[in-house]
$ cat work38.txt   # compact mmCIF, N, CA and C atoms
# COMPACT_ATOMS: atom_id res chain seq x y z
N MET O 1 -10.24 43.29 -26.60
CA MET O 1 -8.94 43.23 -25.98
C MET O 1 -9.12 42.76 -24.54
N PRO O 2 -8.10 42.08 -24.01
CA PRO O 2 -8.21 41.63 -22.62
C PRO O 2 -8.33 42.82 -21.67
N GLY O 3 -9.04 42.60 -20.58
CA GLY O 3 -9.26 43.68 -19.63
C GLY O 3 -8.01 44.16 -18.92
N GLY O 4 -6.94 43.40 -18.97
CA GLY O 4 -5.73 43.75 -18.24
C GLY O 4 -4.82 44.73 -18.96
N GLY O 5 -5.22 45.25 -20.08
CA GLY O 5 -4.40 46.21 -20.78
C GLY O 5 -3.84 45.70 -22.09
N ASP O 6 -2.73 46.27 -22.48
CA ASP O 6 -2.10 45.98 -23.77
C ASP O 6 -1.57 44.54 -23.80
N PRO O 7 -2.12 43.68 -24.69
CA PRO O 7 -1.68 42.28 -24.73
C PRO O 7 -0.25 42.11 -25.23
N THR O 8 0.31 43.13 -25.83
CA THR O 8 1.70 43.01 -26.30
C THR O 8 2.70 43.24 -25.19
N LYS O 9 2.23 43.64 -24.02
CA LYS O 9 3.12 43.94 -22.89
C LYS O 9 3.15 42.80 -21.88
N THR O 10 2.89 41.61 -22.33
CA THR O 10 2.86 40.44 -21.44
C THR O 10 3.54 39.27 -22.14
N THR O 11 3.88 38.27 -21.37
CA THR O 11 4.47 37.06 -21.96
C THR O 11 3.40 36.05 -22.37
N ALA O 12 2.14 36.34 -22.03
CA ALA O 12 1.04 35.45 -22.42
C ALA O 12 0.93 35.42 -23.94
N LYS O 13 0.45 34.28 -24.44
CA LYS O 13 0.21 34.15 -25.87
C LYS O 13 -1.30 34.16 -26.10
N TYR O 14 -1.71 34.88 -27.14
CA TYR O 14 -3.12 35.01 -27.48
C TYR O 14 -3.35 34.45 -28.87
N ILE O 15 -4.40 33.63 -28.97
CA ILE O 15 -4.87 33.15 -30.27
C ILE O 15 -6.24 33.78 -30.48
N TYR O 16 -6.34 34.64 -31.48
CA TYR O 16 -7.58 35.36 -31.76
C TYR O 16 -8.17 34.84 -33.05
N VAL O 17 -9.38 34.30 -32.97
CA VAL O 17 -10.08 33.78 -34.14
C VAL O 17 -11.26 34.71 -34.41
N TYR O 18 -11.33 35.21 -35.63
CA TYR O 18 -12.42 36.09 -36.01
C TYR O 18 -13.19 35.49 -37.18
N ARG O 19 -14.42 35.94 -37.32
CA ARG O 19 -15.24 35.53 -38.45
C ARG O 19 -15.34 36.67 -39.44
N ASN O 20 -15.55 36.33 -40.69
CA ASN O 20 -15.86 37.32 -41.70
C ASN O 20 -17.10 38.07 -41.20
N PRO O 21 -17.04 39.40 -41.12
CA PRO O 21 -18.18 40.14 -40.57
C PRO O 21 -19.51 39.86 -41.26
N LYS O 22 -19.48 39.62 -42.56
CA LYS O 22 -20.72 39.29 -43.28
C LYS O 22 -21.28 37.97 -42.78
N ASP O 23 -20.40 36.96 -42.64
CA ASP O 23 -20.85 35.66 -42.14
C ASP O 23 -21.33 35.77 -40.69
N ALA O 24 -20.65 36.60 -39.90
CA ALA O 24 -21.06 36.79 -38.51
C ALA O 24 -22.46 37.42 -38.44
N ALA O 25 -22.73 38.38 -39.32
CA ALA O 25 -24.05 39.02 -39.34
C ALA O 25 -25.14 38.03 -39.71
N VAL O 26 -24.90 37.23 -40.73
CA VAL O 26 -25.90 36.23 -41.15
C VAL O 26 -26.12 35.22 -40.04
N SER O 27 -25.06 34.76 -39.41
CA SER O 27 -25.18 33.81 -38.31
C SER O 27 -25.97 34.41 -37.15
N MET O 28 -25.67 35.64 -36.80
CA MET O 28 -26.39 36.31 -35.71
C MET O 28 -27.86 36.50 -36.06
N TYR O 29 -28.16 36.77 -37.32
CA TYR O 29 -29.54 36.92 -37.76
C TYR O 29 -30.33 35.63 -37.49
N TYR O 30 -29.80 34.50 -37.92
CA TYR O 30 -30.51 33.23 -37.70
C TYR O 30 -30.56 32.86 -36.23
N HIS O 31 -29.52 33.18 -35.50
CA HIS O 31 -29.51 32.92 -34.06
C HIS O 31 -30.60 33.76 -33.37
N ALA O 32 -30.69 35.03 -33.73
CA ALA O 32 -31.69 35.91 -33.13
C ALA O 32 -33.11 35.44 -33.46
N LYS O 33 -33.33 35.00 -34.69
CA LYS O 33 -34.65 34.50 -35.09
C LYS O 33 -35.03 33.29 -34.24
N THR O 34 -34.08 32.39 -34.03
CA THR O 34 -34.34 31.19 -33.24
C THR O 34 -34.54 31.54 -31.77
N LEU O 35 -33.69 32.40 -31.25
CA LEU O 35 -33.73 32.77 -29.85
C LEU O 35 -35.04 33.46 -29.48
N HIS O 36 -35.50 34.32 -30.35
CA HIS O 36 -36.71 35.09 -30.06
C HIS O 36 -37.98 34.46 -30.65
N SER O 37 -37.82 33.33 -31.33
CA SER O 37 -38.95 32.60 -31.92
C SER O 37 -39.90 33.52 -32.68
N GLN O 38 -39.33 34.37 -33.48
CA GLN O 38 -40.17 35.25 -34.29
C GLN O 38 -39.50 35.53 -35.62
N GLU O 39 -40.33 35.90 -36.56
CA GLU O 39 -39.83 36.27 -37.88
C GLU O 39 -39.60 37.78 -37.92
N PHE O 40 -38.50 38.19 -38.46
CA PHE O 40 -38.29 39.60 -38.76
C PHE O 40 -37.41 39.68 -39.98
N ALA O 41 -37.55 40.77 -40.68
CA ALA O 41 -36.91 40.93 -41.98
C ALA O 41 -35.41 41.12 -41.84
N TRP O 42 -34.69 40.58 -42.80
CA TRP O 42 -33.23 40.76 -42.84
C TRP O 42 -32.87 42.25 -42.88
N ASP O 43 -33.63 43.02 -43.67
CA ASP O 43 -33.34 44.46 -43.80
C ASP O 43 -33.38 45.16 -42.44
N LEU O 44 -34.40 44.83 -41.63
CA LEU O 44 -34.51 45.42 -40.30
C LEU O 44 -33.34 44.98 -39.43
N PHE O 45 -33.03 43.70 -39.45
CA PHE O 45 -31.91 43.19 -38.64
C PHE O 45 -30.61 43.84 -39.08
N PHE O 46 -30.37 43.90 -40.38
CA PHE O 46 -29.13 44.49 -40.89
C PHE O 46 -28.99 45.93 -40.43
N GLU O 47 -30.07 46.67 -40.49
CA GLU O 47 -30.05 48.08 -40.05
C GLU O 47 -29.69 48.15 -38.57
N MET O 48 -30.30 47.29 -37.76
CA MET O 48 -30.04 47.32 -36.32
C MET O 48 -28.65 46.79 -35.99
N TYR O 49 -28.21 45.77 -36.70
CA TYR O 49 -26.93 45.11 -36.41
C TYR O 49 -25.76 45.91 -36.95
N CYS O 50 -25.79 46.21 -38.20
CA CYS O 50 -24.63 46.81 -38.86
C CYS O 50 -24.62 48.33 -38.81
N MET O 51 -25.78 48.93 -38.88
CA MET O 51 -25.81 50.38 -39.01
C MET O 51 -25.98 51.08 -37.66
N GLN O 52 -26.78 50.49 -36.77
CA GLN O 52 -27.08 51.17 -35.51
C GLN O 52 -26.39 50.54 -34.31
N GLY O 53 -25.91 49.29 -34.44
CA GLY O 53 -25.25 48.63 -33.32
C GLY O 53 -26.18 48.30 -32.17
N LYS O 54 -27.46 48.07 -32.46
CA LYS O 54 -28.45 47.81 -31.42
C LYS O 54 -28.65 46.33 -31.12
N VAL O 55 -27.91 45.48 -31.76
CA VAL O 55 -27.99 44.04 -31.55
C VAL O 55 -26.74 43.63 -30.76
N PRO O 56 -26.89 42.71 -29.78
CA PRO O 56 -25.70 42.28 -29.04
C PRO O 56 -24.58 41.83 -29.98
N TYR O 57 -23.37 42.18 -29.65
CA TYR O 57 -22.17 41.83 -30.41
C TYR O 57 -22.12 42.50 -31.78
N ALA O 58 -22.87 43.56 -31.95
CA ALA O 58 -22.94 44.23 -33.25
C ALA O 58 -21.63 44.92 -33.61
N HIS O 59 -20.81 45.19 -32.65
CA HIS O 59 -19.57 45.90 -32.93
C HIS O 59 -18.41 44.93 -33.18
N VAL O 60 -18.71 43.84 -33.85
CA VAL O 60 -17.71 42.81 -34.11
C VAL O 60 -16.55 43.37 -34.94
N VAL O 61 -16.83 44.24 -35.86
CA VAL O 61 -15.76 44.81 -36.69
C VAL O 61 -14.79 45.62 -35.83
N ASP O 62 -15.32 46.39 -34.90
CA ASP O 62 -14.46 47.17 -34.01
C ASP O 62 -13.55 46.25 -33.21
N HIS O 63 -14.10 45.14 -32.76
CA HIS O 63 -13.33 44.18 -31.97
C HIS O 63 -12.19 43.59 -32.80
N VAL O 64 -12.50 43.20 -34.03
CA VAL O 64 -11.47 42.64 -34.91
C VAL O 64 -10.39 43.68 -35.19
N VAL O 65 -10.79 44.89 -35.45
CA VAL O 65 -9.82 45.96 -35.75
C VAL O 65 -8.86 46.16 -34.59
N GLU O 66 -9.36 46.12 -33.36
CA GLU O 66 -8.50 46.31 -32.19
C GLU O 66 -7.42 45.23 -32.12
N TRP O 67 -7.81 43.98 -32.37
CA TRP O 67 -6.82 42.90 -32.35
C TRP O 67 -5.90 42.98 -33.57
N TRP O 68 -6.46 43.34 -34.72
CA TRP O 68 -5.69 43.38 -35.96
C TRP O 68 -4.51 44.35 -35.85
N LYS O 69 -4.66 45.37 -35.05
CA LYS O 69 -3.57 46.33 -34.84
C LYS O 69 -2.31 45.65 -34.30
N HIS O 70 -2.49 44.49 -33.67
CA HIS O 70 -1.37 43.77 -33.05
C HIS O 70 -0.99 42.50 -33.80
N LYS O 71 -1.39 42.41 -35.06
CA LYS O 71 -1.20 41.17 -35.82
C LYS O 71 0.26 40.77 -35.98
N ASP O 72 1.16 41.73 -35.90
CA ASP O 72 2.59 41.41 -36.05
C ASP O 72 3.31 41.22 -34.72
N SER O 73 2.57 41.26 -33.63
CA SER O 73 3.18 41.05 -32.31
C SER O 73 3.55 39.58 -32.15
N PRO O 74 4.69 39.29 -31.56
CA PRO O 74 5.14 37.90 -31.46
C PRO O 74 4.28 37.03 -30.55
N ASN O 75 3.49 37.63 -29.67
CA ASN O 75 2.67 36.84 -28.76
C ASN O 75 1.19 36.81 -29.14
N ILE O 76 0.87 37.27 -30.36
CA ILE O 76 -0.51 37.27 -30.81
C ILE O 76 -0.60 36.58 -32.17
N HIS O 77 -1.49 35.60 -32.24
CA HIS O 77 -1.72 34.86 -33.49
C HIS O 77 -3.17 35.06 -33.87
N ILE O 78 -3.41 35.49 -35.10
CA ILE O 78 -4.76 35.77 -35.57
C ILE O 78 -5.11 34.82 -36.71
N GLU O 79 -6.28 34.19 -36.58
CA GLU O 79 -6.77 33.27 -37.62
C GLU O 79 -8.20 33.65 -37.98
N CYS O 80 -8.54 33.48 -39.24
CA CYS O 80 -9.90 33.67 -39.72
C CYS O 80 -10.63 32.33 -39.66
N TYR O 81 -11.79 32.31 -39.04
CA TYR O 81 -12.58 31.09 -38.88
C TYR O 81 -12.85 30.41 -40.22
N GLU O 82 -13.25 31.20 -41.20
CA GLU O 82 -13.57 30.62 -42.51
C GLU O 82 -12.34 29.97 -43.15
N ASN O 83 -11.16 30.55 -42.97
CA ASN O 83 -9.94 29.94 -43.48
C ASN O 83 -9.61 28.66 -42.73
N MET O 84 -9.88 28.65 -41.43
CA MET O 84 -9.64 27.44 -40.64
C MET O 84 -10.53 26.30 -41.12
N LYS O 85 -11.78 26.62 -41.41
CA LYS O 85 -12.71 25.60 -41.90
C LYS O 85 -12.29 25.10 -43.28
N ARG O 86 -11.81 26.03 -44.12
CA ARG O 86 -11.42 25.69 -45.49
C ARG O 86 -10.14 24.86 -45.52
N ASN O 87 -9.20 25.15 -44.63
CA ASN O 87 -7.92 24.46 -44.64
C ASN O 87 -7.45 24.22 -43.21
N PRO O 88 -8.08 23.25 -42.51
CA PRO O 88 -7.74 23.00 -41.11
C PRO O 88 -6.29 22.55 -40.90
N HIS O 89 -5.72 21.84 -41.88
CA HIS O 89 -4.34 21.37 -41.75
C HIS O 89 -3.39 22.56 -41.59
N THR O 90 -3.56 23.55 -42.45
CA THR O 90 -2.71 24.75 -42.38
C THR O 90 -2.94 25.50 -41.08
N ALA O 91 -4.19 25.61 -40.66
CA ALA O 91 -4.50 26.34 -39.42
C ALA O 91 -3.86 25.66 -38.21
N VAL O 92 -3.97 24.35 -38.12
CA VAL O 92 -3.36 23.62 -37.00
C VAL O 92 -1.84 23.79 -37.03
N SER O 93 -1.27 23.70 -38.20
CA SER O 93 0.18 23.88 -38.34
C SER O 93 0.63 25.26 -37.86
N ARG O 94 -0.10 26.28 -38.25
CA ARG O 94 0.26 27.66 -37.85
C ARG O 94 0.11 27.87 -36.34
N VAL O 95 -0.97 27.34 -35.78
CA VAL O 95 -1.16 27.48 -34.33
C VAL O 95 -0.08 26.72 -33.57
N ALA O 96 0.23 25.53 -34.03
CA ALA O 96 1.29 24.75 -33.37
C ALA O 96 2.62 25.49 -33.43
N THR O 97 2.96 26.02 -34.57
CA THR O 97 4.21 26.78 -34.71
C THR O 97 4.20 27.98 -33.78
N PHE O 98 3.10 28.70 -33.72
CA PHE O 98 2.97 29.85 -32.84
C PHE O 98 3.21 29.45 -31.38
N LEU O 99 2.72 28.28 -31.00
CA LEU O 99 2.88 27.81 -29.62
C LEU O 99 4.22 27.16 -29.36
N GLY O 100 5.05 27.05 -30.40
CA GLY O 100 6.39 26.51 -30.23
C GLY O 100 6.51 25.02 -30.44
N TYR O 101 5.53 24.42 -31.10
CA TYR O 101 5.56 22.99 -31.37
C TYR O 101 5.90 22.74 -32.83
N ASP O 102 6.74 21.76 -33.06
CA ASP O 102 7.08 21.35 -34.42
C ASP O 102 6.42 20.00 -34.66
N LEU O 103 5.24 20.02 -35.25
CA LEU O 103 4.46 18.80 -35.43
C LEU O 103 4.67 18.22 -36.82
N SER O 104 4.73 16.90 -36.86
CA SER O 104 4.84 16.23 -38.16
C SER O 104 3.48 16.29 -38.87
N ASP O 105 3.51 16.05 -40.17
CA ASP O 105 2.25 16.03 -40.93
C ASP O 105 1.30 14.96 -40.41
N ASP O 106 1.84 13.83 -39.98
CA ASP O 106 0.99 12.76 -39.45
C ASP O 106 0.27 13.20 -38.18
N VAL O 107 0.96 13.88 -37.31
CA VAL O 107 0.34 14.36 -36.06
C VAL O 107 -0.74 15.39 -36.40
N ILE O 108 -0.42 16.29 -37.33
CA ILE O 108 -1.40 17.30 -37.72
C ILE O 108 -2.64 16.65 -38.33
N LYS O 109 -2.43 15.63 -39.17
CA LYS O 109 -3.56 14.92 -39.77
C LYS O 109 -4.43 14.28 -38.68
N ASN O 110 -3.81 13.72 -37.65
CA ASN O 110 -4.57 13.12 -36.54
C ASN O 110 -5.35 14.17 -35.78
N ILE O 111 -4.80 15.34 -35.61
CA ILE O 111 -5.51 16.42 -34.93
C ILE O 111 -6.69 16.89 -35.76
N VAL O 112 -6.46 17.04 -37.07
CA VAL O 112 -7.53 17.51 -37.95
C VAL O 112 -8.60 16.44 -38.06

$ encode --input "work38.txt" --output "structure tokens"
Amino acid sequence: MPGGGDPTKTTAKYIYVYRNPKDAAVSMYYHAKTLHSQEFAWDLFFEMYCMQGKVPYAHVVDHVVEWWKHKDSPNIHIECYENMKRNPHTAVSRVATFLGYDLSDDVIKNIV
């Protein structure tokens, strides 16, 4: 959540994009292996990441839950990264609508 307090109490608009926690964990695993230039077992990483929260950004689920509580707020738009990748046309259309733009299909296709 933004440091300034409750995002629903402002006129600012927020676009929150989250990843599937499973995909986020796998991505972080490969990132950590590359960053630290060492091999370590998935089981160990999973235990540290998901069960103990000892890996940076391990509390991704908590972060998503905090934003999800506000999913019906008029100034907050939430998108799933994997859905955006799967159907970018729909994602662009939804974001544009949220921001108050009425884009034609041709414009959306050019953006995608």

$ atom_distance --input "work38.txt" --atom1 "atom N of Ser93 (chain O)" --atom2 "atom N of Val65 (chain O)"
23.4 Å

$ atom_distance --input "work38.txt" --atom1 "atom N of Arg19 (chain O)" --atom2 "CA of Phe98 (chain O)"
19.0 Å

$ atom_distance --input "work38.txt" --atom1 "CA of Trp42 (chain O)" --atom2 "CA of Pro21 (chain O)"
15.2 Å

$ select_by_dssp --input "work38.txt" --residues "region 27-97 of chain O" --states "strand (DSSP E or B)" --output "PyMOL selection string"
chain O and resi 76-80

$ closest_residue --input "work38.txt" --among "O:Thr97, O:Val17, O:Phe45, O:Leu103" --to "Lys85 (chain O)" --atoms "only C-alpha atoms"
O:Val17

$ select_by_dssp --input "work38.txt" --residues "region 7-109 of chain O" --states "helix (DSSP H, G or I)" --output "NGL selection string"
:O and (7-9 or 21-36 or 42-51 or 60-68 or 81-86 or 88-98 or 105-109)

$ residues_around --input "work38.txt" --residues "Pro74 (chain O)" --least-positions-apart "4" --cutoff "10 Å" --atoms "only C-alpha atoms" --output "ChimeraX atom specification"
/O:8,11,13-14,70,98

$ residues_around --input "work38.txt" --residues "His89 (chain O)" --least-positions-apart "2" --cutoff "12 Å" --atoms "only C-alpha atoms" --output "PyMOL selection string"
chain O and resi 83-87+91-96+103-112

$ closest_residue --input "work38.txt" --among "O:Gly100, O:Ala25, O:Asp72, O:Glu66" --to "Phe46 (chain O)" --atoms "all atoms listed in the file"
O:Ala25

$ residues_around --input "work38.txt" --residues "Asn20 (chain O)" --least-positions-apart "6" --cutoff "8 Å" --atoms "all atoms listed in the file" --output "PyMOL selection string"
chain O and resi 26+80-83

$ decode --input "work38.txt" --residues "region 84-101 of chain O" --atoms "N, CA, C and O atoms" --output "PDB file, in the first residue's frame"
ATOM      1  N   MET O  84      -2.598 -10.384 -18.373  1.00  0.00           N
ATOM      2  CA  MET O  84      -2.177  -9.331 -19.306  1.00  0.00           C
ATOM      3  C   MET O  84      -1.351  -9.921 -20.446  1.00  0.00           C
ATOM      4  O   MET O  84      -1.502  -9.524 -21.596  1.00  0.00           O
ATOM      5  N   LYS O  85      -0.462 -10.845 -20.107  1.00  0.00           N
ATOM      6  CA  LYS O  85       0.365 -11.493 -21.130  1.00  0.00           C
ATOM      7  C   LYS O  85      -0.495 -12.343 -22.061  1.00  0.00           C
ATOM      8  O   LYS O  85      -0.263 -12.375 -23.268  1.00  0.00           O
ATOM      9  N   ARG O  86      -1.489 -13.031 -21.479  1.00  0.00           N
ATOM     10  CA  ARG O  86      -2.347 -13.927 -22.251  1.00  0.00           C
ATOM     11  C   ARG O  86      -3.282 -13.148 -23.176  1.00  0.00           C
ATOM     12  O   ARG O  86      -3.565 -13.576 -24.287  1.00  0.00           O
ATOM     13  N   ASN O  87      -3.780 -12.011 -22.723  1.00  0.00           N
ATOM     14  CA  ASN O  87      -4.736 -11.238 -23.511  1.00  0.00           C
ATOM     15  C   ASN O  87      -4.461  -9.748 -23.354  1.00  0.00           C
ATOM     16  O   ASN O  87      -5.197  -9.030 -22.669  1.00  0.00           O
ATOM     17  N   PRO O  88      -3.386  -9.253 -24.006  1.00  0.00           N
ATOM     18  CA  PRO O  88      -3.012  -7.847 -23.849  1.00  0.00           C
ATOM     19  C   PRO O  88      -4.075  -6.873 -24.365  1.00  0.00           C
ATOM     20  O   PRO O  88      -4.231  -5.773 -23.835  1.00  0.00           O
ATOM     21  N   HIS O  89      -4.836  -7.268 -25.383  1.00  0.00           N
ATOM     22  CA  HIS O  89      -5.871  -6.388 -25.932  1.00  0.00           C
ATOM     23  C   HIS O  89      -6.903  -6.054 -24.850  1.00  0.00           C
ATOM     24  O   HIS O  89      -7.271  -4.893 -24.651  1.00  0.00           O
ATOM     25  N   THR O  90      -7.362  -7.075 -24.147  1.00  0.00           N
ATOM     26  CA  THR O  90      -8.339  -6.865 -23.079  1.00  0.00           C
ATOM     27  C   THR O  90      -7.747  -6.038 -21.949  1.00  0.00           C
ATOM     28  O   THR O  90      -8.404  -5.141 -21.406  1.00  0.00           O
ATOM     29  N   ALA O  91      -6.499  -6.317 -21.592  1.00  0.00           N
ATOM     30  CA  ALA O  91      -5.852  -5.570 -20.504  1.00  0.00           C
ATOM     31  C   ALA O  91      -5.731  -4.089 -20.847  1.00  0.00           C
ATOM     32  O   ALA O  91      -6.053  -3.234 -20.020  1.00  0.00           O
ATOM     33  N   VAL O  92      -5.292  -3.778 -22.052  1.00  0.00           N
ATOM     34  CA  VAL O  92      -5.165  -2.375 -22.466  1.00  0.00           C
ATOM     35  C   VAL O  92      -6.531  -1.702 -22.469  1.00  0.00           C
ATOM     36  O   VAL O  92      -6.687  -0.566 -22.009  1.00  0.00           O
ATOM     37  N   SER O  93      -7.526  -2.399 -22.959  1.00  0.00           N
ATOM     38  CA  SER O  93      -8.882  -1.848 -22.981  1.00  0.00           C
ATOM     39  C   SER O  93      -9.379  -1.526 -21.570  1.00  0.00           C
ATOM     40  O   SER O  93      -9.949  -0.461 -21.319  1.00  0.00           O
ATOM     41  N   ARG O  94      -9.154  -2.435 -20.644  1.00  0.00           N
ATOM     42  CA  ARG O  94      -9.605  -2.219 -19.252  1.00  0.00           C
ATOM     43  C   ARG O  94      -8.864  -1.059 -18.588  1.00  0.00           C
ATOM     44  O   ARG O  94      -9.467  -0.252 -17.884  1.00  0.00           O
ATOM     45  N   VAL O  95      -7.562  -0.993 -18.808  1.00  0.00           N
ATOM     46  CA  VAL O  95      -6.789   0.109 -18.223  1.00  0.00           C
ATOM     47  C   VAL O  95      -7.227   1.443 -18.824  1.00  0.00           C
ATOM     48  O   VAL O  95      -7.410   2.428 -18.108  1.00  0.00           O
ATOM     49  N   ALA O  96      -7.423   1.467 -20.120  1.00  0.00           N
ATOM     50  CA  ALA O  96      -7.872   2.704 -20.776  1.00  0.00           C
ATOM     51  C   ALA O  96      -9.224   3.146 -20.220  1.00  0.00           C
ATOM     52  O   ALA O  96      -9.421   4.331 -19.907  1.00  0.00           O
ATOM     53  N   THR O  97     -10.146   2.224 -20.092  1.00  0.00           N
ATOM     54  CA  THR O  97     -11.462   2.546 -19.537  1.00  0.00           C
ATOM     55  C   THR O  97     -11.326   3.071 -18.118  1.00  0.00           C
ATOM     56  O   THR O  97     -11.951   4.067 -17.743  1.00  0.00           O
ATOM     57  N   PHE O  98     -10.508   2.429 -17.314  1.00  0.00           N
ATOM     58  CA  PHE O  98     -10.271   2.867 -15.940  1.00  0.00           C
ATOM     59  C   PHE O  98      -9.751   4.302 -15.902  1.00  0.00           C
ATOM     60  O   PHE O  98     -10.133   5.101 -15.045  1.00  0.00           O
ATOM     61  N   LEU O  99      -8.883   4.640 -16.854  1.00  0.00           N
ATOM     62  CA  LEU O  99      -8.311   5.987 -16.897  1.00  0.00           C
ATOM     63  C   LEU O  99      -9.216   7.006 -17.575  1.00  0.00           C
ATOM     64  O   LEU O  99      -8.879   8.184 -17.653  1.00  0.00           O
ATOM     65  N   GLY O 100     -10.366   6.543 -18.070  1.00  0.00           N
ATOM     66  CA  GLY O 100     -11.332   7.460 -18.663  1.00  0.00           C
ATOM     67  C   GLY O 100     -11.184   7.665 -20.155  1.00  0.00           C
ATOM     68  O   GLY O 100     -11.721   8.624 -20.715  1.00  0.00           O
ATOM     69  N   TYR O 101     -10.481   6.754 -20.828  1.00  0.00           N
ATOM     70  CA  TYR O 101     -10.299   6.853 -22.271  1.00  0.00           C
ATOM     71  C   TYR O 101     -11.175   5.831 -22.974  1.00  0.00           C
ATOM     72  O   TYR O 101     -11.269   4.688 -22.552  1.00  0.00           O
TER      73      TYR O 101
END
